[in-house]
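Everything below belongs to model-v2.cif, which stores mmCIF, C-alpha atoms and all ligand atoms.
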data_final
loop_
_atom_site.label_atom_id
_atom_site.label_comp_id
_atom_site.auth_asym_id
_atom_site.auth_seq_id
_atom_site.Cartn_x
_atom_site.Cartn_y
_atom_site.Cartn_z
CA MET A 230 142.10 64.18 125.55
CA THR A 231 145.32 64.69 123.62
CA ASN A 232 145.84 67.74 121.48
CA ARG A 233 147.84 65.90 118.84
CA ILE A 234 146.13 67.31 115.78
CA TYR A 235 145.99 70.86 117.10
CA HIS A 236 149.68 70.72 117.94
CA SER A 237 150.44 69.55 114.42
CA ILE A 238 148.59 72.55 112.98
CA ALA A 239 150.21 74.99 115.41
CA ASP A 240 153.67 73.53 114.78
CA LYS A 241 153.30 73.84 111.02
CA LYS A 242 152.11 77.41 111.39
CA LYS A 243 155.08 78.18 113.63
CA ALA A 244 157.37 76.75 110.95
CA GLY A 245 155.66 78.98 108.35
CA LYS A 246 154.21 75.98 106.51
CA LYS A 247 150.85 76.31 104.80
CA MET A 248 148.31 73.50 105.04
CA PHE A 249 145.70 72.02 102.77
CA ALA A 250 142.49 70.42 104.04
CA VAL A 251 140.15 68.64 101.64
CA LEU A 252 136.50 68.75 102.68
CA ILE A 253 134.49 65.58 102.16
CA ASP A 254 130.72 65.81 102.37
CA PRO A 255 129.42 62.44 103.65
CA ASP A 256 126.31 62.87 101.51
CA LYS A 257 128.32 62.90 98.33
CA VAL A 258 130.59 59.89 98.71
CA ASP A 259 130.30 56.12 98.47
CA ASN A 260 133.04 53.51 98.99
CA ARG A 261 134.37 53.89 95.48
CA LYS A 262 134.58 57.67 95.79
CA ILE A 263 136.30 57.38 99.17
CA GLU A 264 138.94 55.10 97.63
CA GLU A 265 139.54 57.57 94.84
CA LEU A 266 139.77 60.56 97.20
CA VAL A 267 142.08 58.78 99.61
CA ALA A 268 144.42 57.77 96.79
CA LEU A 269 144.53 61.30 95.40
CA THR A 270 144.89 63.08 98.74
CA THR A 271 147.64 60.71 99.87
CA GLU A 272 149.58 61.16 96.66
CA ALA A 273 149.16 64.94 96.84
CA GLN A 274 150.28 65.02 100.51
CA VAL A 275 147.14 66.73 101.68
CA ASP A 276 147.52 67.69 105.35
CA TYR A 277 144.01 67.06 106.69
CA LEU A 278 140.68 65.61 105.65
CA LEU A 279 137.65 67.50 106.91
CA VAL A 280 134.41 65.55 107.02
CA GLY A 281 131.04 67.25 107.32
CA GLY A 282 128.54 69.56 105.76
CA SER A 283 125.90 72.11 106.72
CA LEU A 284 123.25 69.52 106.11
CA VAL A 285 124.03 65.85 106.31
CA ILE A 286 121.05 64.00 104.92
CA SER A 287 122.46 60.49 104.85
CA ASN A 288 123.13 58.57 108.00
CA HIS A 289 126.49 57.06 107.32
CA LEU A 290 129.00 59.41 108.92
CA ASP A 291 130.64 56.60 110.94
CA GLU A 292 130.86 54.45 107.83
CA VAL A 293 132.52 57.26 105.85
CA VAL A 294 135.04 58.03 108.60
CA ILE A 295 135.86 54.35 109.12
CA GLY A 296 136.23 53.91 105.36
CA ILE A 297 138.72 56.77 105.18
CA LYS A 298 140.67 55.71 108.27
CA LYS A 299 141.05 52.18 106.90
CA LEU A 300 142.83 53.47 103.82
CA SER A 301 144.61 56.61 104.95
CA ASN A 302 146.91 58.05 107.58
CA ILE A 303 145.82 61.62 106.92
CA PRO A 304 144.15 62.96 110.08
CA VAL A 305 140.36 63.13 109.82
CA ILE A 306 138.80 66.21 111.41
CA LEU A 307 135.04 66.52 111.76
CA PHE A 308 133.52 69.78 110.57
CA PRO A 309 129.98 69.41 111.90
CA GLY A 310 127.07 71.40 110.55
CA THR A 311 124.83 70.03 113.29
CA PRO A 312 125.59 68.62 116.76
CA SER A 313 124.63 65.13 115.60
CA GLN A 314 127.63 65.00 113.26
CA VAL A 315 129.95 63.35 115.73
CA SER A 316 131.86 60.17 114.98
CA ARG A 317 134.23 58.75 117.56
CA TYR A 318 136.25 57.19 114.76
CA ALA A 319 137.61 60.57 113.65
CA ASP A 320 140.82 62.09 115.00
CA ALA A 321 139.46 65.46 116.07
CA LEU A 322 136.46 67.73 115.89
CA LEU A 323 136.19 71.43 115.09
CA TYR A 324 134.16 72.63 118.06
CA LEU A 325 132.54 75.54 116.26
CA SER A 326 130.92 78.61 117.68
CA LEU A 327 129.42 80.94 115.08
CA ILE A 328 130.99 84.12 116.42
CA SER A 329 130.13 86.20 113.35
CA GLY A 330 126.40 85.71 113.91
CA ARG A 331 124.01 86.69 116.64
CA ASN A 332 122.13 83.45 116.81
CA PRO A 333 122.54 82.21 120.40
CA GLU A 334 121.78 78.63 119.36
CA LEU A 335 124.93 78.47 117.26
CA LEU A 336 127.01 80.46 119.72
CA ILE A 337 126.29 78.25 122.74
CA GLY A 338 122.78 76.71 122.72
CA GLN A 339 123.48 73.60 120.66
CA HIS A 340 126.76 73.11 122.50
CA VAL A 341 124.93 72.81 125.81
CA ILE A 342 122.56 70.20 124.41
CA SER A 343 125.27 68.12 122.77
CA ALA A 344 127.95 68.54 125.47
CA PRO A 345 127.55 65.09 127.12
CA ALA A 346 127.65 63.26 123.78
CA VAL A 347 130.63 65.28 122.54
CA LYS A 348 132.54 64.71 125.77
CA GLN A 349 131.75 61.00 125.71
CA SER A 350 133.10 60.68 122.18
CA GLY A 351 136.62 61.16 123.54
CA LEU A 352 137.49 63.14 120.42
CA GLU A 353 140.16 65.79 120.40
CA LEU A 354 138.25 69.08 120.37
CA MET A 355 139.55 72.21 118.72
CA SER A 356 137.54 75.23 119.82
CA THR A 357 137.00 77.23 116.67
CA GLY A 358 135.70 80.74 116.18
CA TYR A 359 133.64 80.25 113.03
CA MET A 360 133.03 83.35 110.94
CA VAL A 361 130.75 83.35 107.93
CA ILE A 362 131.66 86.00 105.38
CA ASP A 363 129.26 87.11 102.65
CA GLY A 364 130.07 85.08 99.54
CA GLY A 365 127.94 87.04 97.08
CA ALA A 366 124.80 84.89 97.31
CA PRO A 367 123.12 82.90 100.09
CA THR A 368 124.93 79.62 100.77
CA THR A 369 123.65 76.66 102.75
CA VAL A 370 125.54 77.82 105.83
CA SER A 371 124.27 81.40 105.64
CA TYR A 372 120.68 80.19 105.23
CA ILE A 373 120.79 77.44 107.86
CA SER A 374 122.59 79.55 110.45
CA ASN A 375 119.86 82.19 110.34
CA ALA A 376 122.55 84.78 110.96
CA THR A 377 123.80 87.63 108.85
CA PRO A 378 127.25 86.99 107.34
CA ILE A 379 129.95 89.64 107.74
CA PRO A 380 129.91 91.88 104.62
CA SER A 381 132.81 90.93 102.35
CA ASN A 382 134.30 94.44 102.40
CA LYS A 383 134.07 95.06 106.15
CA ASN A 384 137.57 94.04 107.14
CA GLU A 385 137.34 95.85 110.47
CA ILE A 386 134.34 93.78 111.58
CA ALA A 387 136.16 90.58 110.63
CA MET A 388 139.30 91.73 112.46
CA CYS A 389 137.46 92.63 115.68
CA THR A 390 135.40 89.42 115.56
CA ALA A 391 138.52 87.26 115.13
CA MET A 392 140.34 89.14 117.90
CA ALA A 393 137.40 88.66 120.26
CA GLY A 394 137.26 84.96 119.40
CA GLU A 395 140.94 84.52 120.15
CA MET A 396 140.65 86.44 123.42
CA LEU A 397 137.73 84.21 124.42
CA GLY A 398 140.11 81.28 124.11
CA MET A 399 139.35 79.91 120.66
CA LYS A 400 142.25 77.92 119.26
CA LEU A 401 141.43 78.41 115.58
CA ILE A 402 139.67 81.07 113.57
CA TYR A 403 137.82 79.73 110.52
CA MET A 404 136.58 82.30 108.00
CA ASP A 405 134.17 80.73 105.54
CA ALA A 406 132.39 82.25 102.55
CA GLY A 407 130.23 79.10 102.45
CA SER A 408 130.44 76.05 100.26
CA GLY A 409 130.39 76.94 96.59
CA ALA A 410 130.45 80.66 97.35
CA GLU A 411 130.31 82.88 94.27
CA LYS A 412 132.96 85.13 95.75
CA ALA A 413 135.70 83.71 97.93
CA ILE A 414 137.02 85.81 100.84
CA THR A 415 139.22 88.68 99.65
CA GLU A 416 142.97 88.58 100.17
CA SER A 417 142.64 91.98 101.78
CA MET A 418 140.34 90.64 104.51
CA ILE A 419 142.56 87.57 105.05
CA HIS A 420 145.59 89.82 105.39
CA SER A 421 143.88 92.17 107.85
CA VAL A 422 142.64 89.34 110.06
CA SER A 423 145.89 87.38 110.00
CA LYS A 424 147.73 90.44 111.29
CA VAL A 425 145.64 90.74 114.45
CA ILE A 426 145.53 87.13 115.67
CA ASP A 427 148.16 84.57 116.63
CA VAL A 428 146.09 81.39 116.37
CA PRO A 429 145.98 79.52 113.04
CA LEU A 430 143.65 81.04 110.44
CA VAL A 431 141.55 78.65 108.33
CA ILE A 432 140.04 79.93 105.08
CA GLY A 433 137.39 78.26 102.94
CA GLY A 434 134.43 78.78 100.65
CA GLY A 435 134.53 79.20 96.89
CA ILE A 436 138.25 78.52 96.44
CA ASN A 437 138.43 76.82 93.07
CA THR A 438 141.87 77.42 91.57
CA PRO A 439 145.47 76.76 92.67
CA GLU A 440 146.19 80.48 92.13
CA LYS A 441 143.48 81.55 94.55
CA ALA A 442 144.71 79.09 97.17
CA TYR A 443 148.26 80.34 96.74
CA LEU A 444 147.25 83.99 97.04
CA ASN A 445 145.16 83.28 100.12
CA CYS A 446 148.18 81.69 101.79
CA LYS A 447 150.40 84.59 100.80
CA ALA A 448 147.82 86.93 102.32
CA GLY A 449 148.01 85.12 105.67
CA ALA A 450 145.84 81.99 105.60
CA ASP A 451 147.40 79.02 107.39
CA VAL A 452 144.96 76.32 106.30
CA ILE A 453 143.01 76.30 103.04
CA VAL A 454 139.82 74.24 102.85
CA VAL A 455 138.43 73.15 99.48
CA GLY A 456 135.35 70.98 98.96
CA ASN A 457 133.05 71.98 96.16
CA ALA A 458 135.65 72.53 93.43
CA ILE A 459 137.21 69.13 94.14
CA GLU A 460 133.84 67.42 93.94
CA LYS A 461 133.65 68.74 90.37
CA ASP A 462 137.24 68.05 89.36
CA THR A 463 139.38 65.77 91.49
CA SER A 464 142.54 66.63 89.53
CA LEU A 465 142.50 69.93 91.42
CA ILE A 466 143.61 68.09 94.57
CA ARG A 467 147.13 67.66 93.20
CA GLU A 468 147.31 71.15 91.71
CA ILE A 469 145.97 73.01 94.74
CA SER A 470 148.12 70.99 97.13
CA ALA A 471 151.24 71.75 95.10
CA ALA A 472 150.36 75.47 95.04
CA ILE A 473 149.77 75.67 98.79
CA HIS A 474 152.91 73.75 99.65
CA SER A 475 154.98 75.93 97.32
CA VAL A 476 154.27 79.13 99.25
CA PRO A 477 157.63 80.41 100.51
CA VAL A 478 158.15 80.14 104.26
CA LEU A 479 157.69 83.57 105.78
CA LEU A 480 157.70 83.67 109.55
CA LYS A 481 155.43 86.24 111.19
C1 LIG B 501 132.69 75.22 103.17
O1 LIG B 501 134.82 76.18 103.64
C2 LIG B 501 134.18 75.09 103.08
O2 LIG B 501 132.24 75.31 104.46
C3 LIG B 501 134.64 74.78 101.69
O3 LIG B 501 133.97 75.53 100.72
O4 LIG B 501 133.02 73.78 99.23
O5 LIG B 501 133.31 76.12 98.40
O6 LIG B 501 135.28 74.65 98.76
P1 LIG B 501 133.90 74.98 99.19
#
Do you think you could lay out the structure here as structure tokens?
Ligand code: 1GP
Amino acid sequence: MTNRIYHSIADKKKAGKKMFAVLIDPDKVDNRKIEELVALTTEAQVDYLLVGGSLVISNHLDEVVIGIKKLSNIPVILFPGTPSQVSRYADALLYLSLISGRNPELLIGQHVISAPAVKQSGLELMSTGYMVIDGGAPTTVSYISNATPIPSNKNEIAMCTAMAGEMLGMKLIYMDAGSGAEKAITESMIHSVSKVIDVPLVIGGGINTPEKAYLNCKAGADVIVVGNAIEKDTSLIREISAAIHSVPVLLK
């Protein structure tokens, strides 16, 4: 296994560059939509394409990944909501453990069951401490995970959880308010967490304006993930990408 994609993320972080990842839900795209998204993300110099969702109802993950890879050089990273969301055609996989919850199935149980298939896929794996933060109302991820999200104003819990994840060896920390969250994660929480970890910090859930993405990066996010808002208005891809890439380089 190479660590090509992870190194690219770590190198950009080291250089103080902020990254933009567009989340594509396989359930919501067909070939025409993939073509449109690839054209827009390429033009906007999006850094990564995340593919996945909390619930993938359709059965065409391979087809979606192959479709994207045919048209684009942007690395495709799987963001699986369930262990079955593995496609060997992707470039890497976020190997998620829900460290904010206390549901053993999502901490380790499902990993044990899917380990042989994941290993066999040959994918680059990025062990990721996944933290769900309360986004104001239940989201698919908070419901499906059957685990209580971290309250949005409890920065200390988020800080200690992220620190523990890093010390357990996780290579990324992903704080997520859930897709379409009413309230995105506060800049104050992002700032607090970014101060206590060295691994790249990924932030997503409810980010729907270039301003919000910019402020999140200024607060300490390294990678911004946007899905829902882009599904509604694809012109945001260009605007959000420009905002994220305009954040002044500030080395930690
Ligand atoms: C969800 O972090 C992602 O898991 C992205 O959230 O769809 O709200 O952008 P949105």
If you take every atom of ligand LIG 501 (chain B) that the file lists and fit an axis-aligned box around them with 8 Å extra on each side, what centre and edge lengths come out in Å to one decimal, as lines of an AutoDock Vina configuration file?
center_x = 133.8
center_y = 75.0
center_z = 101.4
size_x = 19.0
size_y = 18.4
size_z = 22.1
Select from chain A every residue with an atom at most 7 Å from any atom of ligand LIG 501 (chain B), then for each give the shortest pair of atoms and their distance in Å to one decimal, using all atoms listed in the file, rows by chain and rising number, as a Markdown table.
| residue | atom | partner | partner_atom | distance |
| --- | --- | --- | --- | --- |
| A:Leu252 | CA | B:LIG501 | C3 | 6.4 |
| A:Gly282 | CA | B:LIG501 | O2 | 7.0 |
| A:Asp405 | CA | B:LIG501 | O1 | 5.0 |
| A:Ala406 | CA | B:LIG501 | O1 | 6.6 |
| A:Gly407 | CA | B:LIG501 | C1 | 4.7 |
| A:Ser408 | CA | B:LIG501 | O5 | 3.4 |
| A:Gly409 | CA | B:LIG501 | O5 | 3.5 |
| A:Ala410 | CA | B:LIG501 | O5 | 5.5 |
| A:Ile432 | CA | B:LIG501 | O1 | 6.6 |
| A:Gly433 | CA | B:LIG501 | O1 | 3.4 |
| A:Gly434 | CA | B:LIG501 | O3 | 3.3 |
| A:Gly435 | CA | B:LIG501 | O5 | 3.6 |
| A:Ile436 | CA | B:LIG501 | O6 | 5.4 |
| A:Asn437 | CA | B:LIG501 | O6 | 6.9 |
| A:Val454 | CA | B:LIG501 | C3 | 5.3 |
| A:Val455 | CA | B:LIG501 | O6 | 3.6 |
| A:Gly456 | CA | B:LIG501 | O4 | 3.7 |
| A:Asn457 | CA | B:LIG501 | O4 | 3.6 |
| A:Ala458 | CA | B:LIG501 | O6 | 5.7 |
Return the single residue from A:Cys446, A:Leu352, A:Leu300, A:Leu290 that is closest to Leu266 (chain A), with distances computed using only C-alpha atoms.
A:Leu300
Could you name the residues that touch Ile419 (chain A) at 7 Å or less, counting all atoms listed in the file, but leaving out those on the same chain fewer than 4 positions away, as number ranges by chain?
A: 415, 423, 448-450
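CA of Tyr318 (chain A) is found 16.5 Å from CA of Asn260 (chain A).
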Pairwise distance, CA of Leu430 (chain A) with CA of Asp451 (chain A), equals 5.2 Å
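For the pair CA of Pro439 (chain A) and CA of Leu278 (chain A), the separation is 17.8 Å.
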Write out as a ChimeraX atom specification each polymer residue whose atoms come within 10 Å of Ser374 (chain A), counting all atoms listed in the file; drop sequence neighbours fewer than 3 positions from it.
/A:283,310,327,330-332,334-335,361,368-371,377-378
Written file, previous selection with C-alpha atoms, as an mmCIF file, keeping the file's coordinate frame:
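Final output, again03.cif:
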data_model
loop_
_atom_site.group_PDB
_atom_site.id
_atom_site.type_symbol
_atom_site.label_atom_id
_atom_site.label_comp_id
_atom_site.auth_asym_id
_atom_site.auth_seq_id
_atom_site.Cartn_x
_atom_site.Cartn_y
_atom_site.Cartn_z
ATOM 1 C CA SER A 283 125.900 72.110 106.720
ATOM 2 C CA GLY A 310 127.070 71.400 110.550
ATOM 3 C CA LEU A 327 129.420 80.940 115.080
ATOM 4 C CA GLY A 330 126.400 85.710 113.910
ATOM 5 C CA ARG A 331 124.010 86.690 116.640
ATOM 6 C CA ASN A 332 122.130 83.450 116.810
ATOM 7 C CA GLU A 334 121.780 78.630 119.360
ATOM 8 C CA LEU A 335 124.930 78.470 117.260
ATOM 9 C CA VAL A 361 130.750 83.350 107.930
ATOM 10 C CA THR A 368 124.930 79.620 100.770
ATOM 11 C CA THR A 369 123.650 76.660 102.750
ATOM 12 C CA VAL A 370 125.540 77.820 105.830
ATOM 13 C CA SER A 371 124.270 81.400 105.640
ATOM 14 C CA THR A 377 123.800 87.630 108.850
ATOM 15 C CA PRO A 378 127.250 86.990 107.340
#
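The neighbours of region 355-358 of chain A here are the residues that come within 8 Å of it, using all atoms listed in the file and leaving out any residue fewer than 6 positions away in the same chain; they are Tyr235, Ala321, Leu322, Leu323, Tyr324, Leu325, Ser326, Leu327, Ile328, Ala391, Gly394, Glu395, Gly398, Met399, Lys400, Leu401, Ile402 and Tyr403 of chain A.
The shortest atom-to-atom distance to Ala239 (chain A), with only C-alpha atoms taken into account, belongs to A:Pro429 out of A:Pro429, A:Pro312, A:Pro477, A:Gly364.
If you measure from each of A:Val275, A:Met248, A:Val293, A:Ile459 to Arg261 (chain A) using all atoms listed in the file, the closest one turns out to be A:Val293.
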